[in-house]
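Novice: Quick one, structure.cif (mmCIF, C-alpha atoms):
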```
data_model
#
loop_
_atom_site.group_PDB
_atom_site.id
_atom_site.type_symbol
_atom_site.label_atom_id
_atom_site.label_comp_id
_atom_site.auth_asym_id
_atom_site.auth_seq_id
_atom_site.Cartn_x
_atom_site.Cartn_y
_atom_site.Cartn_z
ATOM 1 C CA MET A 11 21.235 128.752 192.840
ATOM 2 C CA GLY A 12 24.678 127.737 191.679
ATOM 3 C CA THR A 13 26.423 124.420 191.934
ATOM 4 C CA ARG A 14 27.453 123.445 195.447
ATOM 5 C CA LEU A 15 31.007 122.425 196.272
ATOM 6 C CA ALA A 16 31.640 118.935 197.596
ATOM 7 C CA ASP A 17 33.269 118.801 201.030
ATOM 8 C CA PRO A 18 36.704 117.805 199.656
ATOM 9 C CA ASP A 19 36.574 120.821 197.314
ATOM 10 C CA VAL A 20 35.718 123.088 200.243
ATOM 11 C CA GLU A 21 38.594 121.623 202.267
ATOM 12 C CA ALA A 22 40.992 122.197 199.359
ATOM 13 C CA ARG A 23 39.897 125.817 199.056
ATOM 14 C CA LEU A 24 40.247 126.346 202.797
ATOM 15 C CA ALA A 25 43.763 124.916 202.711
ATOM 16 C CA ARG A 26 44.657 127.237 199.831
ATOM 17 C CA LEU A 27 43.096 130.183 201.667
ATOM 18 C CA ASP A 28 45.304 129.435 204.685
ATOM 19 C CA GLU A 29 48.362 129.489 202.410
ATOM 20 C CA VAL A 30 47.348 132.807 200.833
ATOM 21 C CA LEU A 31 46.568 134.400 204.214
ATOM 22 C CA GLU A 32 49.948 133.298 205.591
ATOM 23 C CA GLY A 33 51.551 135.084 202.632
ATOM 24 C CA LEU A 34 49.628 138.258 203.471
ATOM 25 C CA GLU A 35 50.658 138.351 207.138
ATOM 26 C CA PRO A 36 54.010 140.092 206.628
ATOM 27 C CA LEU A 37 52.455 142.661 204.287
ATOM 28 C CA PRO A 38 51.173 145.820 205.923
ATOM 29 C CA GLY A 39 48.192 147.692 204.674
ATOM 30 C CA ALA A 40 45.232 147.331 202.442
ATOM 31 C CA ALA A 41 45.253 143.588 201.692
ATOM 32 C CA THR A 42 45.096 142.447 205.312
ATOM 33 C CA GLU A 43 42.601 145.161 206.203
ATOM 34 C CA ALA A 44 40.385 144.129 203.271
ATOM 35 C CA VAL A 45 40.401 140.505 204.456
ATOM 36 C CA ARG A 46 39.598 141.582 208.035
ATOM 37 C CA LEU A 47 36.746 143.864 206.935
ATOM 38 C CA LEU A 48 35.303 141.246 204.587
ATOM 39 C CA THR A 49 35.416 138.680 207.385
ATOM 40 C CA GLU A 50 33.589 141.056 209.741
ATOM 41 C CA ILE A 51 30.897 141.769 207.140
ATOM 42 C CA TYR A 52 30.309 138.075 206.420
ATOM 43 C CA GLY A 53 30.178 137.410 210.157
ATOM 44 C CA GLU A 54 27.528 140.079 210.579
ATOM 45 C CA ALA A 55 25.548 138.586 207.675
ATOM 46 C CA LEU A 56 25.674 135.118 209.275
ATOM 47 C CA ALA A 57 24.576 136.562 212.612
ATOM 48 C CA ARG A 58 21.581 138.162 210.914
ATOM 49 C CA VAL A 59 20.667 134.833 209.302
ATOM 50 C CA LEU A 60 20.745 133.193 212.736
ATOM 51 C CA ASP A 61 18.634 136.009 214.170
ATOM 52 C CA GLN A 62 15.931 135.172 211.602
ATOM 53 C CA ALA A 63 16.178 131.392 211.958
ATOM 54 C CA ASP A 64 13.929 129.287 214.143
ATOM 55 C CA GLU A 65 15.546 126.796 216.513
ATOM 56 C CA GLN A 66 15.379 123.861 214.084
ATOM 57 C CA LEU A 67 16.990 125.818 211.256
ATOM 58 C CA ALA A 68 19.686 127.154 213.582
ATOM 59 C CA GLU A 69 20.507 123.565 214.621
ATOM 60 C CA ARG A 70 20.658 122.413 211.002
ATOM 61 C CA LEU A 71 22.950 125.296 210.086
ATOM 62 C CA ALA A 72 25.206 124.577 213.064
ATOM 63 C CA ASP A 73 25.326 120.853 212.198
ATOM 64 C CA ASP A 74 26.714 121.571 208.734
ATOM 65 C CA GLU A 75 30.487 121.199 209.046
ATOM 66 C CA LEU A 76 31.413 124.271 207.001
ATOM 67 C CA LEU A 77 28.715 126.529 208.442
ATOM 68 C CA GLY A 78 29.479 125.278 211.946
ATOM 69 C CA HIS A 79 33.118 126.322 211.556
ATOM 70 C CA LEU A 80 32.077 129.731 210.256
ATOM 71 C CA LEU A 81 29.682 130.208 213.169
ATOM 72 C CA VAL A 82 32.503 129.349 215.581
ATOM 73 C CA LEU A 83 34.891 131.682 213.745
ATOM 74 C CA HIS A 84 32.465 134.564 214.187
ATOM 75 C CA ASP A 85 31.618 133.601 217.787
ATOM 76 C CA ILE A 86 27.921 133.137 216.997
ATOM 77 C CA HIS A 87 27.529 129.352 217.208
ATOM 78 C CA PRO A 88 24.221 128.591 218.949
ATOM 79 C CA GLU A 89 25.607 125.601 220.890
ATOM 80 C CA PRO A 90 27.916 126.000 223.885
ATOM 81 C CA PRO A 91 31.526 124.856 223.389
ATOM 82 C CA GLU A 92 31.128 121.936 225.796
ATOM 83 C CA ARG A 93 28.299 120.417 223.749
ATOM 84 C CA ARG A 94 30.220 120.859 220.483
ATOM 85 C CA ALA A 95 33.291 119.241 222.060
ATOM 86 C CA ALA A 96 31.275 116.295 223.380
ATOM 87 C CA ARG A 97 29.843 115.672 219.904
ATOM 88 C CA ALA A 98 33.335 115.797 218.365
ATOM 89 C CA VAL A 99 34.525 113.144 220.819
ATOM 90 C CA GLU A 100 31.489 110.974 220.045
ATOM 91 C CA ARG A 101 32.295 111.196 216.322
ATOM 92 C CA LEU A 102 35.857 109.975 217.029
ATOM 93 C CA ARG A 103 34.758 107.175 219.316
ATOM 94 C CA PRO A 104 34.205 104.477 216.619
ATOM 95 C CA ALA A 105 37.709 104.992 215.195
ATOM 96 C CA VAL A 106 39.285 104.759 218.650
ATOM 97 C CA ARG A 107 37.249 101.638 219.426
ATOM 98 C CA GLU A 108 38.445 100.039 216.178
ATOM 99 C CA ARG A 109 41.960 100.354 217.571
ATOM 100 C CA GLY A 110 41.011 98.610 220.820
ATOM 101 C CA GLY A 111 40.494 101.659 223.025
ATOM 102 C CA ASP A 112 37.750 104.071 223.913
ATOM 103 C CA VAL A 113 37.350 107.775 224.517
ATOM 104 C CA GLU A 114 34.635 109.746 226.258
ATOM 105 C CA TRP A 115 34.063 113.388 227.015
ATOM 106 C CA ALA A 116 34.570 114.169 230.711
ATOM 107 C CA GLY A 117 33.627 117.863 230.696
ATOM 108 C CA VAL A 118 35.324 121.206 231.159
ATOM 109 C CA GLU A 119 37.363 122.466 234.093
ATOM 110 C CA GLY A 120 37.893 126.200 233.693
ATOM 111 C CA GLU A 121 38.981 126.546 230.076
ATOM 112 C CA ILE A 122 40.399 123.012 229.844
ATOM 113 C CA GLY A 123 38.443 120.272 228.088
ATOM 114 C CA ARG A 124 38.836 116.849 229.697
ATOM 115 C CA VAL A 125 38.595 113.475 228.015
ATOM 116 C CA ARG A 126 38.828 109.994 229.435
ATOM 117 C CA LEU A 127 40.968 107.697 227.298
ATOM 118 C CA LYS A 128 40.679 103.987 227.892
ATOM 119 C CA THR A 129 42.975 101.393 226.522
ATOM 120 C CA GLY A 130 42.160 97.782 226.035
ATOM 121 C CA GLY A 131 42.659 94.758 223.899
ATOM 122 C CA GLY A 132 45.922 95.032 222.000
ATOM 123 C CA CYS A 133 46.075 98.754 222.560
ATOM 124 C CA GLY A 134 48.886 98.812 225.146
ATOM 125 C CA SER A 135 49.508 102.327 226.425
ATOM 126 C CA GLY A 136 47.417 103.849 223.692
ATOM 127 C CA CYS A 137 46.170 103.083 220.265
ATOM 128 C CA GLY A 138 48.010 102.902 216.992
ATOM 129 C CA GLY A 139 51.497 103.998 217.872
ATOM 130 C CA GLY A 140 50.931 105.069 221.440
ATOM 131 C CA GLY A 141 48.444 107.062 223.419
ATOM 132 C CA SER A 142 49.777 110.359 222.117
ATOM 133 C CA GLU A 143 48.399 109.675 218.619
ATOM 134 C CA VAL A 144 44.860 109.276 219.935
ATOM 135 C CA THR A 145 45.261 112.146 222.390
ATOM 136 C CA ASP A 146 46.493 114.420 219.598
ATOM 137 C CA ALA A 147 43.606 113.429 217.296
ATOM 138 C CA VAL A 148 41.057 114.065 220.050
ATOM 139 C CA ARG A 149 42.672 117.392 220.955
ATOM 140 C CA GLU A 150 42.663 118.531 217.317
ATOM 141 C CA ALA A 151 39.035 117.515 216.748
ATOM 142 C CA VAL A 152 37.790 119.195 219.928
ATOM 143 C CA LEU A 153 39.694 122.448 219.435
ATOM 144 C CA ALA A 154 38.492 122.641 215.823
ATOM 145 C CA VAL A 155 34.867 122.819 216.987
ATOM 146 C CA ALA A 156 35.456 124.565 220.324
ATOM 147 C CA PRO A 157 38.418 126.950 219.976
ATOM 148 C CA GLU A 158 37.143 128.794 223.042
ATOM 149 C CA LEU A 159 38.817 126.068 225.097
ATOM 150 C CA ALA A 160 42.437 126.744 225.975
ATOM 151 C CA ALA A 161 43.437 123.070 225.846
ATOM 152 C CA VAL A 162 42.194 119.490 225.855
ATOM 153 C CA GLU A 163 43.823 117.082 228.273
ATOM 154 C CA PRO A 164 43.236 113.445 229.146
ATOM 155 C CA LEU A 165 42.242 112.565 232.678
ATOM 156 C CA PRO A 166 44.601 110.148 234.378
ATOM 157 C CA SER A 167 43.427 106.650 233.583
ATOM 158 C CA THR A 168 42.537 104.336 236.404
ATOM 159 C CA PRO A 169 43.739 100.809 235.805
ATOM 160 C CA ALA A 170 41.125 98.081 235.765
ATOM 161 C CA PRO A 171 41.172 95.945 238.881
ATOM 162 C CA ALA A 172 43.112 92.728 238.462
ATOM 163 C CA PHE A 173 41.028 89.579 238.281
ATOM 164 C CA VAL A 174 41.705 87.208 241.132
ATOM 165 C CA PRO A 175 39.863 83.884 240.920
ATOM 166 C CA LEU A 176 37.883 83.143 244.068
ATOM 167 C CA THR A 177 39.369 79.637 244.221
ATOM 168 C CA THR A 178 42.845 81.125 244.693
ATOM 169 C CA LEU A 179 41.679 82.944 247.797
ATOM 170 C CA THR A 180 39.953 79.946 249.335
ATOM 171 C CA ARG A 181 42.814 77.477 248.680
ATOM 172 C CA ARG A 182 45.407 79.463 250.618
ATOM 173 C CA GLY A 183 43.872 78.527 253.930
ATOM 174 C CA ALA A 184 43.855 74.837 252.996
ATOM 175 C CA ARG A 185 47.646 74.654 252.482
#
```
Show the structure stored in the file as structure tokens.
Specialist:
Amino acid sequence: MGTRLADPDVEARLARLDEVLEGLEPLPGAATEAVRLLTEIYGEALARVLDQADEQLAERLADDELLGHLLVLHDIHPEPPERRAARAVERLRPAVRERGGDVEWAGVEGEIGRVRLKTGGGCGSGCGGGGSEVTDAVREAVLAVAPELAAVEPLPSTPAPAFVPLTTLTRRGAR
């Protein structure tokens, strides 16, 4: 077996591949067809690997970030999109909590993924530059692992009830 690429090296190659593929888009003919056919063949090969794998191996393959993306690309990922999306939100949760907020997966309605964003502490209307930054990060992470979803939207947040000291309520009658 050859030397394995580190994740940053894989990400760099994927970024370069995106650039090259964008350059091929306007070109008609053999180059784009070759890429399409090669992609279909590799997808079929991955599907055959999954067909031979037991449940534990299939889970380990799906848990690998690169393989997981390839399984999604070829529509053969063994986990349903909702479970993949929930795991993506859980992976983001510590970073959101560091900024004084929280995020949790709320499920799917039709083709729309729903998340519950909570603000707190010094987080104001969101975290780190506004709620849109966190919402965008969550949306990007979820759609990367579950592109079958049409969108990811936050549920309307319900404000926490205001704290009213009991003594304030009982003193009114005494005045």
Novice: Which one is closest to A:Glu143: A:Val106, A:Leu77, A:Val118, A:Ala40? Count all atoms listed in the file.
Specialist: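 Of the candidates, the smallest distance to A:Glu143 is held by A:Val106.
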Novice: As an exercise, work out the distance from atom CA of A:Gln66 to atom CA of A:Ala96 in Å and give it to one decimal place.
Specialist: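 Atom CA of A:Gln66 sits 19.9 Å away from atom CA of A:Ala96.
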Novice: Compile the contact shell of A:Leu159 as a VMD selection string: residues with an atom at most 8 Å away, counting all atoms listed in the file, same-chain residues fewer than 3 positions apart removed.
Specialist: chain A and resid 91 121 to 123 153 156 162
Novice: Could you tell me how far atom CA of A:Val20 lies from atom CA of A:Arg109, in Å and to one decimal?
Specialist: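 Answer for the atom CA of A:Val20 to atom CA of A:Arg109 separation: 29.3 Å.
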Novice: What is the atom CA of A:Leu81-atom CA of A:Ala57 distance in Å, reported with one decimal?
Specialist: 8.2 Å
Novice: Axis-aligned box over every listed atom of stretch 53-64 of chain A, padded by 5 Å per side: centre and edges in Å to one decimal, as AutoDock Vina command-line options?
Specialist:
```
--center_x 22.1 --center_y 134.7 --center_z 210.9 --size_x 26.2 --size_y 20.8 --size_z 16.5
```
Novice: Which residue gives the smallest distance to A:Glu114 among A:Glu75, A:Pro90, A:Asp146, A:Leu165, with all atoms listed in the file counted?
Specialist: A:Leu165
Novice: Just checking: using all atoms listed in the file, which residue out of A:Ala55, A:Val45, A:Val125, A:Ala161 ends up closest to A:Leu31?
Specialist: A:Val45
Novice: Taking the file as I've supplied it (selection: the PyMOL selection byres ((chain A and resi 69) around 12)), which residues are included? Please answer as JSON, numbers by chain.
Specialist: {"A": [60, 63, 64, 65, 66, 67, 68, 70, 71, 72, 73, 74, 75, 77, 78, 81, 87, 88, 89, 94]}
Novice: Counting only C-alpha atoms, which of A:Ala44, A:Ala98, A:Leu56, A:Ala151 gets nearest to A:Ile86?
Specialist: A:Leu56
Novice: Under the rule that all atoms listed in the file are counted, which of A:Gly39, A:Gly110, A:Gly53, A:Pro166 is the nearest residue to A:Val82?
Specialist: A:Gly53
